[in-house]
file final11.cif (mmCIF, C-alpha atoms)
data_final
#
loop_
_atom_site.label_atom_id
_atom_site.label_comp_id
_atom_site.auth_asym_id
_atom_site.auth_seq_id
_atom_site.Cartn_x
_atom_site.Cartn_y
_atom_site.Cartn_z
CA MET A 1 130.42 170.95 66.08
CA THR A 2 134.21 171.15 66.05
CA PRO A 3 135.59 174.09 68.13
CA THR A 4 137.18 176.76 65.95
CA GLU A 5 139.33 179.85 66.34
CA ASP A 6 137.91 183.36 66.24
CA PRO A 7 137.26 184.35 62.62
CA PRO A 8 138.30 187.83 61.47
CA GLY A 9 135.82 190.71 61.34
CA PRO A 10 135.30 193.84 63.42
CA ALA A 11 131.53 193.20 63.80
CA LEU A 12 132.04 189.73 65.26
CA GLN A 13 134.83 190.91 67.54
CA THR A 14 132.60 193.70 68.84
CA LEU A 15 129.79 191.21 69.48
CA LEU A 16 132.15 188.86 71.31
CA ALA A 17 133.52 191.67 73.48
CA ALA A 18 130.02 192.89 74.32
CA ALA A 19 128.77 189.41 75.22
CA ARG A 20 131.82 188.71 77.38
CA ALA A 21 131.42 192.01 79.21
CA ALA A 22 127.71 191.32 79.77
CA ARG A 23 128.50 187.86 81.15
CA ALA A 24 130.71 189.50 83.78
CA ARG A 25 127.60 191.32 85.06
CA ALA A 26 125.32 188.27 85.19
CA TYR A 27 123.11 187.81 88.24
CA ALA A 28 123.26 184.06 88.84
CA PRO A 29 123.45 183.43 92.61
CA TYR A 30 121.58 180.10 92.40
CA SER A 31 123.03 178.27 89.43
CA ARG A 32 126.42 180.08 89.44
CA PHE A 33 126.20 179.71 85.65
CA ALA A 34 126.84 183.10 84.04
CA VAL A 35 125.93 183.69 80.40
CA GLY A 36 126.28 186.74 78.17
CA ALA A 37 124.70 187.36 74.79
CA ALA A 38 124.91 190.05 72.13
CA VAL A 39 122.84 190.69 69.01
CA LEU A 40 123.55 192.83 65.96
CA ASP A 41 120.51 194.79 64.77
CA GLU A 42 119.48 196.08 61.35
CA GLN A 43 121.18 199.42 62.02
CA GLY A 44 124.53 197.81 62.76
CA ARG A 45 124.26 198.41 66.50
CA VAL A 46 125.23 195.87 69.16
CA HIS A 47 122.97 195.10 72.13
CA ALA A 48 124.10 192.88 74.98
CA GLY A 49 122.52 191.19 77.97
CA CYS A 50 123.15 188.71 80.77
CA ASN A 51 121.09 186.09 82.57
CA VAL A 52 119.13 187.31 85.61
CA GLU A 53 117.99 184.66 88.11
CA ASN A 54 115.19 184.86 90.64
CA ALA A 55 114.48 182.98 93.86
CA ALA A 56 111.20 181.96 92.23
CA TYR A 57 113.07 180.12 89.51
CA PRO A 58 110.60 180.50 86.60
CA GLN A 59 110.73 184.29 86.97
CA GLY A 60 114.37 184.55 85.88
CA TRP A 61 115.40 185.13 82.28
CA CYS A 62 118.21 184.25 79.94
CA ALA A 63 120.97 186.40 78.47
CA GLU A 64 119.47 186.23 74.97
CA THR A 65 116.18 187.61 76.32
CA SER A 66 118.03 190.48 77.99
CA ALA A 67 119.86 191.31 74.76
CA LEU A 68 116.63 191.25 72.75
CA ALA A 69 114.91 193.51 75.29
CA ALA A 70 117.79 195.98 75.05
CA MET A 71 117.55 195.92 71.26
CA VAL A 72 113.79 196.52 71.22
CA GLY A 73 114.14 199.27 73.83
CA ALA A 74 116.66 201.00 71.57
CA GLY A 75 114.37 200.79 68.54
CA GLY A 76 115.86 197.72 66.89
CA ARG A 77 113.49 195.31 65.16
CA ALA A 78 115.65 192.76 63.35
CA VAL A 79 118.53 190.54 64.46
CA ARG A 80 121.32 190.05 61.93
CA ALA A 81 123.76 188.02 64.11
CA VAL A 82 123.90 186.49 67.59
CA VAL A 83 126.78 185.68 69.95
CA VAL A 84 126.35 183.66 73.16
CA VAL A 85 129.19 183.35 75.69
CA GLY A 86 129.33 180.82 78.53
CA GLU A 87 131.85 178.52 80.19
CA ALA A 88 131.14 174.78 80.05
CA ASP A 89 132.59 171.55 78.68
CA GLU A 90 130.22 171.78 75.72
CA PRO A 91 129.40 174.96 73.74
CA VAL A 92 126.66 176.97 75.48
CA THR A 93 123.87 177.34 72.92
CA PRO A 94 120.56 179.23 73.40
CA CYS A 95 117.89 177.28 75.26
CA GLY A 96 114.74 176.24 73.42
CA GLY A 97 112.76 179.24 74.62
CA CYS A 98 115.46 181.68 73.57
CA ARG A 99 115.73 180.06 70.15
CA GLN A 100 112.04 180.82 69.66
CA ARG A 101 112.45 184.38 70.96
CA LEU A 102 115.33 184.97 68.57
CA ARG A 103 113.19 183.53 65.77
CA GLU A 104 110.74 186.42 66.25
CA PHE A 105 113.42 188.88 65.08
CA ALA A 106 115.82 186.76 63.01
CA ARG A 107 115.67 184.81 59.77
CA VAL A 108 116.49 181.12 59.74
CA ASP A 109 119.86 181.89 58.11
CA CYS A 110 120.89 184.26 60.94
CA PRO A 111 124.38 183.25 62.21
CA VAL A 112 124.62 182.18 65.86
CA VAL A 113 128.18 182.08 67.22
CA VAL A 114 128.88 180.34 70.54
CA ALA A 115 132.04 181.22 72.47
CA ASP A 116 133.70 181.14 75.86
CA GLY A 117 136.01 183.69 77.45
CA ALA A 118 138.89 182.95 75.10
CA ARG A 119 137.66 181.62 71.76
CA VAL A 120 134.79 180.76 69.45
CA ARG A 121 133.55 177.25 70.21
CA ALA A 122 130.93 176.64 67.51
CA ARG A 123 128.93 178.29 64.74
CA PHE A 124 125.32 177.61 63.77
CA THR A 125 122.43 179.16 61.93
CA LEU A 126 119.21 179.80 63.79
CA GLY A 127 117.47 177.40 61.44
CA GLY A 128 119.97 174.72 62.35
CA LEU A 129 119.23 175.23 66.05
CA LEU A 130 115.47 175.48 65.52
CA PRO A 131 114.46 173.44 62.45
CA ALA A 132 110.96 173.68 60.98
CA SER A 133 110.24 176.58 63.31
CA PHE A 134 107.07 178.62 63.76
CA GLY A 135 107.74 182.28 63.02
CA PRO A 136 106.16 185.64 62.15
CA SER A 137 105.49 184.58 58.55
CA HIS A 138 102.94 182.04 59.79
CA LEU A 139 100.88 185.00 61.02
CA GLY A 140 101.37 187.01 57.85
CA VAL A 141 104.18 189.27 59.13
CA GLY A 142 107.38 189.65 57.10
CA GLU A 143 110.55 188.15 58.54
CA GLY A 144 113.67 190.19 59.28
CA ARG A 145 111.39 193.22 59.26
CA GLU A 146 112.15 196.72 60.46
CA THR A 147 109.07 198.02 62.29
CA ALA A 148 108.17 201.06 64.32
CA GLY A 149 107.63 201.06 68.04
CA ASP A 150 103.97 200.12 67.62
CA GLY A 151 104.85 197.06 65.54
CA THR A 152 103.80 198.59 62.22
CA ALA A 153 106.01 198.72 59.17
CA GLY A 154 108.30 201.65 58.59
CA GLY A 155 110.51 201.78 61.64
CA ARG A 156 112.59 204.63 62.89
CA GLY A 157 116.08 205.21 61.58
CA ALA A 158 119.36 205.65 63.35
CA ALA A 159 118.94 209.41 63.27
CA ASP A 160 115.92 209.08 65.59
CA THR A 161 117.56 206.85 68.19
CA GLY A 162 120.44 209.10 69.17
CA ASP A 163 123.59 207.89 70.91
CA THR A 164 121.98 206.95 74.21
CA ALA A 165 122.83 203.46 75.46
CA CYS A 166 119.36 202.09 76.30
CA GLN A 167 119.10 199.42 78.99
CA ALA A 168 116.26 196.99 79.58
CA ALA A 169 115.78 193.65 81.34
CA GLY A 170 119.41 193.38 82.33
CA GLY A 171 120.68 194.25 78.84
CA ALA A 172 122.82 197.02 77.40
CA THR A 173 123.27 198.61 74.01
CA VAL A 174 126.92 198.84 72.99
CA ASP A 175 127.90 201.71 70.71
CA PRO A 176 131.10 201.08 68.68
CA ALA A 177 131.81 204.81 68.78
CA ALA A 178 131.69 204.73 72.57
CA THR A 179 134.19 201.88 72.54
CA ALA A 180 136.45 203.90 70.26
CA ARG A 181 136.26 206.93 72.55
CA GLN A 182 137.14 204.75 75.53
CA ALA A 183 140.08 203.24 73.64
CA LEU A 184 141.31 206.73 72.76
CA ALA A 185 141.22 207.85 76.38
CA CYS A 186 143.24 204.77 77.41
CA LEU A 187 145.76 204.81 74.54
CA ASP A 188 149.52 205.04 75.05
CA LEU A 189 150.39 206.33 71.57
CA THR A 190 153.75 204.74 70.86
CA SER A 191 156.80 205.37 68.72
CA LEU A 192 159.80 203.18 69.53
CA ASN A 193 161.59 202.84 66.22
CA ASP A 194 165.36 202.68 66.50
CA ALA A 195 165.80 205.62 64.13
CA ASP A 196 163.20 207.93 65.73
CA THR A 197 164.14 211.63 65.59
CA GLU A 198 162.72 214.78 67.11
CA ALA A 199 160.79 215.31 63.88
CA ASP A 200 159.14 211.92 64.36
CA ILE A 201 158.16 212.88 67.91
CA GLU A 202 156.72 216.17 66.68
CA ARG A 203 154.45 214.22 64.33
CA LEU A 204 153.54 211.78 67.09
CA CYS A 205 152.61 214.53 69.52
CA ALA A 206 150.56 216.31 66.86
CA ARG A 207 148.46 213.14 66.57
CA ALA A 208 148.06 212.78 70.35
CA VAL A 209 145.47 215.56 70.54
CA GLY A 210 142.82 215.49 67.84
CA PRO A 211 139.24 216.35 67.01
CA HIS A 212 137.88 213.43 69.02
CA GLY A 213 139.95 214.01 72.16
CA HIS A 214 143.41 213.17 73.44
CA VAL A 215 145.31 210.01 74.26
CA ALA A 216 146.32 209.06 77.79
CA ALA A 217 150.06 209.24 77.05
CA VAL A 218 152.73 209.03 74.41
CA CYS A 219 155.46 206.41 74.84
CA VAL A 220 158.94 207.17 73.46
CA TRP A 221 162.66 206.57 73.99
CA PRO A 222 164.25 208.32 77.01
CA ARG A 223 166.35 210.52 74.71
CA LEU A 224 163.15 211.94 73.18
CA ALA A 225 161.04 212.26 76.35
CA ALA A 226 161.97 215.91 76.99
CA LYS A 227 160.95 216.84 73.45
CA ALA A 228 157.60 215.12 73.88
CA ARG A 229 157.00 216.80 77.23
CA ALA A 230 157.69 220.22 75.74
CA LEU A 231 155.18 219.65 72.92
CA LEU A 232 152.24 218.13 74.79
CA PRO A 233 149.56 219.68 76.99
CA PRO A 234 149.61 218.73 80.69
CA GLN A 235 146.68 216.31 80.38
CA VAL A 236 148.72 214.01 78.11
CA ALA A 237 151.37 212.10 80.04
CA VAL A 238 154.81 211.20 78.70
CA ALA A 239 156.01 207.63 79.20
CA ALA A 240 159.46 206.41 78.26
CA VAL A 241 161.01 202.95 78.20
CA ALA A 242 163.83 201.54 80.31
CA ASN A 243 165.87 198.36 79.93
CA PHE A 244 164.18 198.19 76.53
CA PRO A 245 163.66 196.07 74.53
CA HIS A 246 166.20 193.43 75.55
CA GLY A 247 165.24 193.08 79.22
CA GLY A 248 168.81 192.64 80.39
CA SER A 249 169.97 192.19 83.95
CA ASP A 250 172.31 195.22 84.10
CA ILE A 251 170.89 197.19 87.03
CA ALA A 252 173.11 200.21 86.46
CA ALA A 253 172.02 200.53 82.83
CA ALA A 254 168.34 200.24 83.73
CA VAL A 255 168.68 202.86 86.44
CA ALA A 256 170.52 205.18 84.02
CA ASP A 257 167.54 204.93 81.66
CA VAL A 258 165.16 205.75 84.48
CA ARG A 259 167.17 208.75 85.67
CA ALA A 260 167.15 210.12 82.13
CA ILE A 261 163.37 209.70 82.05
CA VAL A 262 162.95 211.52 85.36
CA GLU A 263 165.24 214.37 84.28
CA ALA A 264 163.25 214.75 81.05
CA GLY A 265 160.10 215.51 83.04
CA ALA A 266 158.20 212.37 82.04
CA GLN A 267 155.47 210.98 84.26
CA GLU A 268 155.67 207.27 83.49
CA VAL A 269 158.31 204.54 83.14
CA ASP A 270 157.77 201.34 81.12
CA VAL A 271 160.57 199.00 82.23
CA VAL A 272 161.30 195.53 80.84
CA LEU A 273 161.65 192.79 83.44
CA PRO A 274 164.88 190.77 83.03
CA TRP A 275 162.86 187.77 81.92
CA ARG A 276 165.86 185.69 80.80
CA GLU A 277 167.42 185.93 84.28
CA PRO A 278 164.41 186.13 86.59
CA GLU A 279 166.55 185.75 89.69
CA THR A 280 167.91 189.27 89.06
CA ALA A 281 164.46 190.84 88.65
CA PRO A 282 163.71 191.73 92.30
CA ALA A 283 166.93 193.70 92.72
CA LEU A 284 166.53 195.47 89.37
CA LEU A 285 162.92 196.46 90.06
CA ALA A 286 163.81 197.68 93.55
CA ALA A 287 166.53 199.93 92.11
CA VAL A 288 164.23 201.21 89.36
CA ARG A 289 161.46 201.93 91.84
CA ARG A 290 163.83 203.92 94.04
CA ALA A 291 165.03 205.92 91.04
CA CYS A 292 161.55 207.12 90.02
CA PRO A 293 159.55 207.97 93.15
CA GLY A 294 156.13 209.32 92.32
CA LEU A 295 156.20 208.17 88.69
CA ARG A 296 153.83 205.53 87.35
CA LEU A 297 155.79 202.29 86.85
CA LYS A 298 154.65 199.84 84.19
CA VAL A 299 156.53 196.54 84.24
CA ILE A 300 156.81 194.72 80.89
CA LEU A 301 156.82 190.93 81.40
CA GLU A 302 157.42 189.90 77.75
CA THR A 303 154.82 187.16 78.16
CA GLY A 304 155.32 185.82 74.64
CA GLU A 305 158.83 184.72 75.58
CA LEU A 306 157.84 183.00 78.83
CA ASP A 307 157.46 179.26 78.37
CA SER A 308 154.52 178.41 80.61
CA PRO A 309 151.57 179.86 82.54
CA GLN A 310 153.56 179.21 85.70
CA ALA A 311 156.42 181.37 84.42
CA ILE A 312 153.97 184.19 83.66
CA ALA A 313 152.45 183.86 87.13
CA ARG A 314 155.91 184.06 88.73
CA ALA A 315 156.79 187.14 86.67
CA CYS A 316 153.54 188.79 87.75
CA ARG A 317 154.33 188.10 91.38
CA VAL A 318 157.84 189.56 91.09
CA ALA A 319 156.51 192.68 89.36
CA LEU A 320 153.73 193.23 91.90
CA ASP A 321 156.10 192.69 94.83
CA GLY A 322 158.53 195.12 93.17
CA GLY A 323 156.07 198.00 93.23
CA ALA A 324 154.52 197.84 89.74
CA ASP A 325 151.64 200.21 89.13
CA PHE A 326 150.80 198.38 85.89
CA LEU A 327 151.48 194.93 84.49
CA LYS A 328 152.25 195.17 80.76
CA THR A 329 152.32 192.17 78.45
CA SER A 330 154.99 192.93 75.88
CA THR A 331 157.54 195.19 74.24
CA GLY A 332 155.96 194.74 70.81
CA LYS A 333 159.40 193.71 69.55
CA VAL A 334 159.08 189.91 69.73
CA ARG A 335 157.18 187.34 67.69
CA VAL A 336 154.32 186.87 70.19
CA ASN A 337 153.06 189.97 71.95
CA ALA A 338 149.71 190.64 73.61
CA THR A 339 147.27 187.71 73.57
CA PRO A 340 143.94 187.20 75.37
CA GLU A 341 145.47 184.27 77.26
CA ALA A 342 148.36 186.36 78.58
CA ALA A 343 145.99 189.20 79.38
CA ARG A 344 143.82 186.92 81.47
CA ALA A 345 146.84 185.68 83.42
CA LEU A 346 148.01 189.20 84.24
CA LEU A 347 144.54 190.42 85.15
CA GLN A 348 143.93 187.41 87.35
CA ALA A 349 147.22 187.98 89.18
CA ILE A 350 146.11 191.54 89.92
CA ALA A 351 142.62 190.48 91.00
CA ASP A 352 143.80 187.63 93.23
CA ASP A 353 145.91 189.91 95.47
CA PRO A 354 143.86 192.07 97.88
CA ALA A 355 146.71 194.60 97.93
CA THR A 356 146.58 195.13 94.15
CA ARG A 357 143.08 194.34 92.90
CA ASP A 358 141.80 197.91 93.37
CA ARG A 359 145.06 199.70 92.53
CA VAL A 360 147.26 198.07 89.89
CA GLY A 361 146.47 198.49 86.19
CA PHE A 362 146.93 196.44 83.05
CA LYS A 363 148.46 197.31 79.66
CA PRO A 364 148.38 195.02 76.62
CA ALA A 365 150.84 196.00 73.90
CA GLY A 366 151.83 194.72 70.48
CA GLY A 367 149.54 193.81 67.60
CA ILE A 368 146.51 195.86 68.73
CA ARG A 369 145.49 197.58 65.52
CA THR A 370 141.70 198.00 65.56
CA VAL A 371 138.95 199.12 67.89
CA ALA A 372 137.69 195.53 67.81
CA ASP A 373 141.10 194.36 69.08
CA ALA A 374 140.92 196.91 71.89
CA ALA A 375 137.35 195.90 72.77
CA ARG A 376 138.48 192.33 73.46
CA TYR A 377 140.89 193.52 76.14
CA MET A 378 138.38 196.00 77.56
CA ALA A 379 135.94 193.13 77.98
CA GLN A 380 138.54 191.10 79.88
CA VAL A 381 139.29 194.03 82.19
CA THR A 382 135.57 194.48 82.81
CA GLU A 383 135.11 190.78 83.52
CA ILE A 384 138.03 190.37 85.94
CA LEU A 385 138.62 193.79 87.52
CA GLY A 386 135.16 195.29 86.99
CA PRO A 387 133.80 198.00 84.68
CA ASP A 388 135.22 200.82 86.81
CA ALA A 389 138.74 199.63 85.92
CA VAL A 390 138.37 200.58 82.25
CA ASN A 391 139.87 204.03 82.68
CA PRO A 392 143.34 205.54 82.07
CA GLN A 393 144.35 205.03 85.70
CA ARG A 394 143.85 201.25 85.48
CA PHE A 395 143.93 200.38 81.79
CA ARG A 396 146.21 201.39 78.92
CA ILE A 397 146.72 200.11 75.39
CA GLY A 398 150.21 200.26 73.90
CA ALA A 399 149.90 200.86 70.15
CA SER A 400 150.84 203.10 67.27
CA GLY A 401 148.37 202.19 64.50
CA LEU A 402 145.26 201.84 66.69
CA LEU A 403 144.72 205.61 66.58
CA ASP A 404 144.04 205.43 62.83
CA ASP A 405 141.21 202.97 63.37
CA ILE A 406 139.82 204.97 66.32
CA ASN A 407 139.67 208.07 64.14
CA ALA A 408 138.06 206.08 61.31
CA VAL A 409 135.32 204.81 63.63
CA LEU A 410 134.69 208.20 65.24
CA GLY A 411 134.82 209.95 61.89
CA GLY A 412 132.22 207.64 60.40
CA GLY A 413 134.67 205.73 58.23
CA GLY A 414 133.86 202.34 59.71
CA GLY A 415 137.40 201.35 60.73
CA GLY A 416 138.64 197.84 61.27
CA SER A 417 141.68 197.72 59.02
CA GLY A 418 144.57 199.10 61.03
CA ALA A 419 147.93 198.18 59.58
CA ALA A 420 150.63 199.32 61.99
CA ALA A 421 153.20 196.79 63.19
CA TYR A 422 153.15 197.70 66.90
#
call {"tool": "encode", "arguments": {"input": "final11.cif", "output": "structure tokens"}}
result
Amino acid sequence: MTPTEDPPGPALQTLLAAARAARARAYAPYSRFAVGAAVLDEQGRVHAGCNVENAAYPQGWCAETSALAAMVGAGGRAVRAVVVVGEADEPVTPCGGCRQRLREFARVDCPVVVADGARVRARFTLGGLLPASFGPSHLGVGEGRETAGDGTAGGRGAADTGDTACQAAGGATVDPAATARQALACLDLTSLNDADTEADIERLCARAVGPHGHVAAVCVWPRLAAKARALLPPQVAVAAVANFPHGGSDIAAAVADVRAIVEAGAQEVDVVLPWREPETAPALLAAVRRACPGLRLKVILETGELDSPQAIARACRVALDGGADFLKTSTGKVRVNATPEAARALLQAIADDPATRDRVGFKPAGGIRTVADAARYMAQVTEILGPDAVNPQRFRIGASGLLDDINAVLGGGGGGSGAAAY
């Protein structure tokens, strides 16, 4: 089947993120072949699992089996969609045994999407993977059924299952609301319009603390940082931008921005690397670092304007050597901003350096509008830096419109249609 790009849809994006995160936890010491899988149940919940190997080879089990066990343990009885994630030259489809196990809970028209760490590779139906299959209907049991824990008809509804994330056989249930809460805690709520006024910042800060919790920080212009600091509670940080958005090589101007940020009482500096003149970057970062001792320094690489993976890798190295506390993809002001490919490059640069892998954080910015968008980057952080890195000290999301979708998900509105430009 011809490889394809990721199709739109919050449900699919959530499944992909869950399967990729599960793959990062695979136990595969013998084959070194990690696989993650996620299934969508009849209640709209996502359950994920990884492969678990055993020294007695037949006693291991596949990722799809783990995901199904997690679903059944959480009260699910019907599979509506499947995602399998693995890395190989050919798309990694379910093995024959897992196709039959999926058939127990899924109709023949159930979609099966096969992906790797970056993109969807192929799409099938279960019937296409397992033609003329033997299923529950052969034994007089309805297909795609919703049954109770004893296997009888009826089933228990979502109200009976609660919010607990059940785990079984190496699997995990993923709650979209939990993802939204995590995204909220890691959000840098941003307003960087040229015409921003104090009234705009008042509205921004009013949104920063809401019924579902508070954001990690607000990100504003230096001239409005003091206003933001005066309005926000201590648990919400203030970040302001320097050398923004142009990323020039004028060290004095960049330092002037930083001094204004420090004097305003902000806690964080998001500075743009002089990506057009990379030879000036070490001196500029050194001066910026000296001007903001004790503040969290996020270095914006503007990855969408760098012309090769090698250029991104060099920019990462300069930023890390210059004392960056976070690597940030983009300003949000150029044509190409955060992408999964750029994210992977930045995360890998952090992970590859023993001095930074347990300390430096990552911030994607630009074009992240939905909880499903955020989940993709959370999954990459989990895969490369580990699940403990998905916290405000190691992971931030730069966005303005994402908060609308977070509130929609947490308020029961479904979400998935954010429309902000940043």
call {"tool": "closest_residue", "arguments": {"input": "final11.cif", "among": "A:Glu341, A:Gly332, A:Ala315, A:Gln235", "to": "Ser191 in chain A", "atoms": "all atoms listed in the file"}}
result
A:Gly332
call {"tool": "resolve_selection", "arguments": {"input": "final11.cif", "expression": "the PyMOL selection byres ((chain A and resi 396) around 7)", "output": "number ranges by chain"}}
result
A: 186-188, 362-363, 392, 394-395, 397-398
call {"tool": "atom_distance", "arguments": {"input": "final11.cif", "atom1": "CA of Asn407 in chain A", "atom2": "CA of Ala206 in chain A"}}
result
13.9 Å
call {"tool": "resolve_selection", "arguments": {"input": "final11.cif", "expression": "the PyMOL selection byres ((chain A and resi 208) around 8)", "output": "PyMOL selection string"}}
result
chain A and resi 189+204-207+209-210+214-215+217-218+236
call {"tool": "resolve_selection", "arguments": {"input": "final11.cif", "expression": "the PyMOL selection byres ((chain A and resi 261) around 9)", "output": "PyMOL selection string"}}
result
chain A and resi 221-223+225-226+239-242+256-260+262-269+292
call {"tool": "closest_residue", "arguments": {"input": "final11.cif", "among": "A:Val113, A:Ala389, A:Leu301, A:Ala70", "to": "Asp270 in chain A", "atoms": "all atoms listed in the file"}}
result
A:Leu301
